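Colleague: Got structure30.pdb for you, PDB, C-alpha atoms, pLDDT in the B column:
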ATOM      1  CA  MET E  24     313.437 -66.653 152.061  1.00 50.00           C
ATOM      2  CA  ASP E  25     316.245 -64.716 153.698  1.00 53.00           C
ATOM      3  CA  GLU E  26     319.831 -65.519 152.705  1.00 64.00           C
ATOM      4  CA  ASN E  27     321.010 -64.315 156.128  1.00 79.00           C
ATOM      5  CA  LEU E  28     319.078 -66.989 158.029  1.00 87.00           C
ATOM      6  CA  ASN E  29     320.670 -70.309 158.903  1.00 93.00           C
ATOM      7  CA  TYR E  30     317.685 -72.595 158.388  1.00 94.00           C
ATOM      8  CA  VAL E  31     319.454 -75.689 159.684  1.00 94.00           C
ATOM      9  CA  GLU E  32     320.174 -73.960 162.997  1.00 94.00           C
ATOM     10  CA  ILE E  33     316.598 -72.646 163.234  1.00 93.00           C
ATOM     11  CA  ILE E  34     315.230 -76.166 162.764  1.00 94.00           C
ATOM     12  CA  LYS E  35     317.710 -77.646 165.245  1.00 95.00           C
ATOM     13  CA  GLN E  36     316.563 -75.096 167.804  1.00 94.00           C
ATOM     14  CA  VAL E  37     312.888 -75.934 167.172  1.00 93.00           C
ATOM     15  CA  PHE E  38     313.635 -79.619 167.797  1.00 94.00           C
ATOM     16  CA  ILE E  39     315.659 -78.847 170.934  1.00 95.00           C
ATOM     17  CA  ASN E  40     312.997 -76.480 172.315  1.00 93.00           C
ATOM     18  CA  ASN E  41     310.336 -79.176 171.860  1.00 92.00           C
ATOM     19  CA  ASN E  42     312.529 -81.916 173.372  1.00 93.00           C
ATOM     20  CA  TRP E  43     312.334 -83.943 170.150  1.00 92.00           C
ATOM     21  CA  ASN E  44     315.043 -86.518 169.571  1.00 94.00           C
ATOM     22  CA  PHE E  45     316.795 -86.108 166.248  1.00 96.00           C
ATOM     23  CA  THR E  46     319.961 -86.769 164.335  1.00 97.00           C
ATOM     24  CA  THR E  47     321.308 -84.812 161.390  1.00 97.00           C
ATOM     25  CA  LYS E  48     323.247 -85.707 158.303  1.00 97.00           C
ATOM     26  CA  ASP E  49     324.728 -83.077 156.028  1.00 96.00           C
ATOM     27  CA  ARG E  50     324.356 -83.846 152.366  1.00 95.00           C
ATOM     28  CA  GLU E  51     325.773 -82.040 149.361  1.00 93.00           C
ATOM     29  CA  LYS E  52     322.990 -79.432 149.059  1.00 94.00           C
ATOM     30  CA  GLU E  53     320.785 -80.066 152.102  1.00 97.00           C
ATOM     31  CA  THR E  54     320.614 -81.317 155.668  1.00 98.00           C
ATOM     32  CA  LEU E  55     318.589 -84.367 156.630  1.00 98.00           C
ATOM     33  CA  PHE E  56     317.023 -84.552 160.079  1.00 98.00           C
ATOM     34  CA  ASN E  57     315.886 -87.993 161.264  1.00 97.00           C
ATOM     35  CA  VAL E  58     313.132 -87.471 163.801  1.00 94.00           C
ATOM     36  CA  PRO E  59     311.617 -90.545 165.456  1.00 92.00           C
ATOM     37  CA  MET E  60     308.102 -89.624 166.565  1.00 87.00           C
ATOM     38  CA  ALA E  61     305.325 -91.411 168.347  1.00 81.00           C
ATOM     39  CA  SER E  62     301.938 -91.702 166.711  1.00 81.00           C
ATOM     40  CA  LYS E  63     298.513 -92.253 168.130  1.00 84.00           C
ATOM     41  CA  TYR E  64     298.214 -95.481 166.117  1.00 82.00           C
ATOM     42  CA  LEU E  65     301.800 -96.568 165.448  1.00 82.00           C
ATOM     43  CA  PRO E  66     304.538 -96.973 168.071  1.00 82.00           C
ATOM     44  CA  MET E  67     307.170 -95.290 165.915  1.00 85.00           C
ATOM     45  CA  LEU E  68     307.229 -93.098 162.852  1.00 87.00           C
ATOM     46  CA  ASP E  69     310.579 -92.359 161.243  1.00 86.00           C
ATOM     47  CA  VAL E  70     310.085 -88.813 160.041  1.00 93.00           C
ATOM     48  CA  LYS E  71     312.618 -87.280 157.677  1.00 96.00           C
ATOM     49  CA  PHE E  72     312.847 -83.492 157.643  1.00 97.00           C
ATOM     50  CA  ILE E  73     315.051 -82.135 154.857  1.00 97.00           C
ATOM     51  CA  VAL E  74     316.063 -78.478 154.491  1.00 96.00           C
ATOM     52  CA  ASN E  75     318.356 -76.651 152.106  1.00 95.00           C
ATOM     53  CA  SER E  76     320.203 -73.334 152.409  1.00 91.00           C
ATOM     54  CA  ILE E  77     317.346 -71.245 150.955  1.00 93.00           C
ATOM     55  CA  GLY E  78     314.682 -72.631 153.309  1.00 94.00           C
ATOM     56  CA  ASP E  79     313.014 -75.213 151.084  1.00 96.00           C
ATOM     57  CA  CYS E  80     311.779 -77.999 153.362  1.00 97.00           C
ATOM     58  CA  LYS E  81     310.503 -81.525 152.803  1.00 97.00           C
ATOM     59  CA  ILE E  82     308.847 -83.757 155.375  1.00 97.00           C
ATOM     60  CA  ARG E  83     308.765 -87.478 154.521  1.00 97.00           C
ATOM     61  CA  CYS E  84     307.376 -90.383 156.511  1.00 95.00           C
ATOM     62  CA  TYR E  85     306.864 -93.997 155.484  1.00 94.00           C
ATOM     63  CA  LEU E  86     303.625 -95.263 156.991  1.00 94.00           C
ATOM     64  CA  THR E  87     304.155 -98.863 155.914  1.00 92.00           C
ATOM     65  CA  ARG E  88     306.651-100.743 153.811  1.00 93.00           C
ATOM     66  CA  ASN E  89     306.452-103.677 151.387  1.00 94.00           C
ATOM     67  CA  THR E  90     302.687-103.807 151.008  1.00 94.00           C
ATOM     68  CA  HIS E  91     301.750-107.194 149.590  1.00 94.00           C
ATOM     69  CA  TYR E  92     300.705-107.163 145.918  1.00 94.00           C
ATOM     70  CA  SER E  93     297.247-108.488 146.804  1.00 94.00           C
ATOM     71  CA  LYS E  94     296.568-105.366 148.878  1.00 95.00           C
ATOM     72  CA  ARG E  95     297.911-102.665 146.561  1.00 96.00           C
ATOM     73  CA  ALA E  96     294.651-102.002 144.680  1.00 96.00           C
ATOM     74  CA  ALA E  97     292.838-101.483 147.961  1.00 96.00           C
ATOM     75  CA  ILE E  98     295.673 -99.308 149.291  1.00 97.00           C
ATOM     76  CA  LEU E  99     295.535 -97.145 146.155  1.00 97.00           C
ATOM     77  CA  GLU E 100     291.813 -96.657 146.644  1.00 97.00           C
ATOM     78  CA  VAL E 101     292.410 -95.559 150.248  1.00 97.00           C
ATOM     79  CA  ILE E 102     295.274 -93.271 149.163  1.00 97.00           C
ATOM     80  CA  ASN E 103     293.061 -91.591 146.546  1.00 97.00           C
ATOM     81  CA  THR E 104     290.434 -90.899 149.197  1.00 97.00           C
ATOM     82  CA  LEU E 105     293.021 -89.558 151.644  1.00 97.00           C
ATOM     83  CA  ASN E 106     294.543 -87.274 149.011  1.00 97.00           C
ATOM     84  CA  SER E 107     291.055 -85.911 148.306  1.00 96.00           C
ATOM     85  CA  ASN E 108     290.441 -85.270 152.005  1.00 95.00           C
ATOM     86  CA  TYR E 109     293.780 -83.721 153.001  1.00 93.00           C
ATOM     87  CA  ARG E 110     295.364 -81.130 150.773  1.00 84.00           C
ATOM     88  CA  PHE E 111     298.467 -80.412 152.821  1.00 86.00           C
ATOM     89  CA  ILE E 112     300.134 -83.784 152.452  1.00 94.00           C
ATOM     90  CA  THR E 113     300.384 -86.274 149.640  1.00 97.00           C
ATOM     91  CA  VAL E 114     300.161 -89.992 150.281  1.00 97.00           C
ATOM     92  CA  SER E 115     301.644 -92.287 147.646  1.00 97.00           C
ATOM     93  CA  LEU E 116     302.455 -95.935 146.984  1.00 97.00           C
ATOM     94  CA  ASP E 117     305.788 -96.673 145.310  1.00 96.00           C
ATOM     95  CA  SER E 118     306.791 -99.684 143.222  1.00 93.00           C
ATOM     96  CA  ASP E 119     308.178-101.477 146.307  1.00 94.00           C
ATOM     97  CA  GLY E 120     304.796-101.229 148.022  1.00 95.00           C
ATOM     98  CA  ASP E 121     305.898 -98.520 150.452  1.00 96.00           C
ATOM     99  CA  VAL E 122     303.275 -95.974 151.525  1.00 97.00           C
ATOM    100  CA  LEU E 123     304.799 -92.510 151.888  1.00 97.00           C
ATOM    101  CA  ALA E 124     303.318 -89.336 153.345  1.00 97.00           C
ATOM    102  CA  SER E 125     305.061 -86.198 152.099  1.00 97.00           C
ATOM    103  CA  TYR E 126     304.770 -82.440 152.467  1.00 97.00           C
ATOM    104  CA  ASP E 127     306.897 -79.650 150.995  1.00 97.00           C
ATOM    105  CA  PHE E 128     307.025 -76.013 152.079  1.00 95.00           C
ATOM    106  CA  THR E 129     309.339 -73.010 152.096  1.00 94.00           C
ATOM    107  CA  ILE E 130     310.292 -71.096 155.227  1.00 92.00           C
ATOM    108  CA  PHE E 131     309.537 -67.360 155.056  1.00 86.00           C
ATOM    109  CA  GLY E 132     310.225 -64.419 157.328  1.00 81.00           C
ATOM    110  CA  SER E 133     312.441 -63.726 160.315  1.00 85.00           C
ATOM    111  CA  ALA E 134     314.001 -66.358 162.567  1.00 86.00           C
ATOM    112  CA  THR E 135     311.092 -65.965 165.009  1.00 86.00           C
ATOM    113  CA  VAL E 136     308.516 -66.489 162.273  1.00 90.00           C
ATOM    114  CA  ALA E 137     310.524 -69.328 160.720  1.00 90.00           C
ATOM    115  CA  ASP E 138     310.728 -71.336 163.943  1.00 89.00           C
ATOM    116  CA  LYS E 139     306.978 -71.037 164.513  1.00 92.00           C
ATOM    117  CA  GLN E 140     306.326 -72.023 160.904  1.00 93.00           C
ATOM    118  CA  VAL E 141     308.501 -75.156 161.186  1.00 92.00           C
ATOM    119  CA  GLU E 142     306.863 -76.167 164.465  1.00 92.00           C
ATOM    120  CA  THR E 143     303.381 -75.601 163.024  1.00 93.00           C
ATOM    121  CA  MET E 144     304.137 -77.612 159.884  1.00 93.00           C
ATOM    122  CA  ILE E 145     305.433 -80.571 161.895  1.00 92.00           C
ATOM    123  CA  TYR E 146     302.321 -80.565 164.086  1.00 90.00           C
ATOM    124  CA  LEU E 147     300.075 -80.218 161.016  1.00 92.00           C
ATOM    125  CA  VAL E 148     301.721 -83.123 159.198  1.00 92.00           C
ATOM    126  CA  SER E 149     301.732 -85.284 162.351  1.00 90.00           C
ATOM    127  CA  ASP E 150     298.036 -84.627 162.884  1.00 92.00           C
ATOM    128  CA  ILE E 151     297.128 -85.523 159.301  1.00 93.00           C
ATOM    129  CA  ILE E 152     299.313 -88.654 159.379  1.00 93.00           C
ATOM    130  CA  ASP E 153     297.490 -89.767 162.539  1.00 92.00           C
ATOM    131  CA  LYS E 154     294.228 -89.370 160.640  1.00 93.00           C
ATOM    132  CA  CYS E 155     295.529 -91.356 157.635  1.00 95.00           C
ATOM    133  CA  VAL E 156     297.074 -94.313 159.463  1.00 94.00           C
ATOM    134  CA  PRO E 157     293.841 -96.100 160.504  1.00 94.00           C
ATOM    135  CA  ALA E 158     292.489 -96.294 156.945  1.00 95.00           C
ATOM    136  CA  ILE E 159     295.799 -97.588 155.601  1.00 95.00           C
ATOM    137  CA  MET E 160     296.341-100.088 158.406  1.00 93.00           C
ATOM    138  CA  LYS E 161     292.808-101.421 158.081  1.00 94.00           C
ATOM    139  CA  VAL E 162     293.728-102.625 154.580  1.00 95.00           C
ATOM    140  CA  ILE E 163     297.181-103.855 155.641  1.00 92.00           C
ATOM    141  CA  TRP E 164     295.761-105.925 158.501  1.00 90.00           C
ATOM    142  CA  GLN E 165     292.789-107.389 156.584  1.00 87.00           C
ATOM    143  CA  ASP E 166     292.873-110.973 155.382  1.00 76.00           C
ATOM    144  CA  GLY E 167     291.381-112.628 152.329  1.00 57.00           C
ATOM    145  CA  ASP E 168     289.176-111.475 149.479  1.00 52.00           C
ATOM    146  CA  ASP E 169     287.335-108.873 151.555  1.00 50.00           C
ATOM    147  CA  LEU E 170     290.224-106.426 151.068  1.00 46.00           C
ATOM    148  CA  ILE E 171     289.870-106.285 147.275  1.00 48.00           C
ATOM    149  CA  PRO E 172     287.596-103.391 146.274  1.00 49.00           C
ATOM    150  CA  LYS E 173     284.312-104.585 144.730  1.00 47.00           C
ATOM    151  CA  LYS E 174     285.005-102.888 141.397  1.00 48.00           C
ATOM    152  CA  PHE E 175     288.142-105.076 141.014  1.00 41.00           C
ATOM    153  CA  ASN E 176     286.294-108.390 141.569  1.00 40.00           C
TER     154      ASN E 176
END
Translate the structure described by the file into structure tokens.
Modeller:
Amino acid sequence: MDENLNYVEIIKQVFINNNWNFTTKDREKETLFNVPMASKYLPMLDVKFIVNSIGDCKIRCYLTRNTHYSKRAAILEVINTLNSNYRFITVSLDSDGDVLASYDFTIFGSATVADKQVETMIYLVSDIIDKCVPAIMKVIWQDGDDLIPKKFN
């Protein structure tokens, strides 16, 4: 962390240099970047990138929303497996049935190092999300009793 660095401007420049569409919204203690991204398996991911003045960053992306109650046990089983396989992101299911992928990190070093770190983290998270989506969507798109894990029958 370097108090002399403007982390919001560094991140804006990373997005501009990569030709990524984004919008920003300044909040009380942080800036929120909305970054629509394409995925290998989903036509659109609404990625939220949040940064504060000391370089603490959060990446958030909802993979699906409003999972039906009948599928939540199976989704939780998939999420547990994914969280065991990928240590850099956390996948969770909230009380509304939304599946969220999240990753937190802190920017370190000079502006040159910081921009490479941000770019690398976005690519890392995007790659892992692409690997998680098929397992989650398989449960979402299944019909009937075959989606309930055997141990719950």
Colleague: Hey, could you make a per-residue contact list for region 67-119 of chain E against region 144-165 of chain E with 7 Å as the cut-off, showing the nearest pair of atoms and its distance in Å to one decimal, counting only C-alpha atoms, sorted by chain and number, as a tab-separated table?
Modeller:
residue	atom	partner	partner_atom	distance
E:Lys94	CA	E:Val162	CA	6.9
E:Ala97	CA	E:Val162	CA	6.8
E:Ile98	CA	E:Val162	CA	6.5
E:Val101	CA	E:Ile159	CA	6.7
E:Leu105	CA	E:Cys155	CA	6.7
E:Ile112	CA	E:Val148	CA	7.0
Colleague: Name the residues, using the chain letters and numbers of the file, that sit within 12 Å of (320.7, -66.9, 154.2) when counting only C-alpha atoms, and give them as a list of chain:residue names.
Modeller: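 Final list of nearby residues, as requested, is E:Met24, E:Asp25, E:Glu26, E:Asn27, E:Leu28, E:Asn29, E:Tyr30, E:Val31, E:Glu32, E:Ile33, E:Asn75, E:Ser76, E:Ile77, E:Gly78, E:Asp79, E:Ile130, E:Phe131, E:Gly132, E:Ser133, E:Ala134.
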Colleague: Check which residues satisfy the PyMOL selection byres ((chain E and resi 81-87) around 6) in the file shown, then give them as a ChimeraX atom specification.
Modeller: /E:70-73,80,88,121-127
Colleague: The selected residues should be written to file as a PDB file, keeping the file's coordinate frame (atoms: C-alpha atoms).
Modeller:
ATOM      1  CA  VAL E  70     310.085 -88.813 160.041  1.00 93.00           C
ATOM      2  CA  LYS E  71     312.618 -87.280 157.677  1.00 96.00           C
ATOM      3  CA  PHE E  72     312.847 -83.492 157.643  1.00 97.00           C
ATOM      4  CA  ILE E  73     315.051 -82.135 154.857  1.00 97.00           C
ATOM      5  CA  CYS E  80     311.779 -77.999 153.362  1.00 97.00           C
ATOM      6  CA  ARG E  88     306.651-100.743 153.811  1.00 93.00           C
ATOM      7  CA  ASP E 121     305.898 -98.520 150.452  1.00 96.00           C
ATOM      8  CA  VAL E 122     303.275 -95.974 151.525  1.00 97.00           C
ATOM      9  CA  LEU E 123     304.799 -92.510 151.888  1.00 97.00           C
ATOM     10  CA  ALA E 124     303.318 -89.336 153.345  1.00 97.00           C
ATOM     11  CA  SER E 125     305.061 -86.198 152.099  1.00 97.00           C
ATOM     12  CA  TYR E 126     304.770 -82.440 152.467  1.00 97.00           C
ATOM     13  CA  ASP E 127     306.897 -79.650 150.995  1.00 97.00           C
TER      14      ASP E 127
END
Colleague: Find the distance between CA of Ala61 (chain E) and CA of Asn106 (chain E) and write it in Å to one decimal.
Modeller: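 Calculated distance between CA of Ala61 (chain E) and CA of Asn106 (chain E) is 22.5 Å.
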Colleague: Let me have the centre and edge lengths in Å, one decimal, of the box along x, y and z around every listed atom of region 44-56 of chain E with 3 Å of margin on each side, as AutoDock Vina command-line options.
Modeller:
--center_x 320.4 --center_y -83.1 --center_z 159.3 --size_x 16.7 --size_y 13.3 --size_z 26.5
Colleague: Distance CA of Leu68 (chain E)-CA of Val114 (chain E), one decimal place?
Modeller: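 Between CA of Leu68 (chain E) and CA of Val114 (chain E) the gap works out to 14.8 Å.
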Colleague: Which is closer to Leu116 (chain E) than all the others in E:Thr46, E:Gln36, E:Asn89, E:Asn41, using all atoms listed in the file?
Modeller: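 That would be E:Asn89, the residue with the smallest distance to Leu116 (chain E).
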Colleague: Excluding same-chain residues fewer than 3 positions from Phe38 (chain E), what lies within 10 Å of it counting all atoms listed in the file, as a PyMOL selection string?
Modeller: chain E and resi 32-35+41-45+56+58+138+141-142
Colleague: For the atom pair CA of Glu100 (chain E) and CA of Pro59 (chain E), what is the interatomic distance in Å to one decimal place?
Modeller: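 We find that CA of Glu100 (chain E) and CA of Pro59 (chain E) lie 28.0 Å from each other.
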Colleague: Report as a list in words the residues that result from applying the PyMOL selection byres ((chain E and resi 53) around 8) to the structure here.
Modeller: Asp49, Arg50, Glu51, Lys52, Thr54, Leu55, Ile73, Val74, Asn75 and Ser76 of chain E
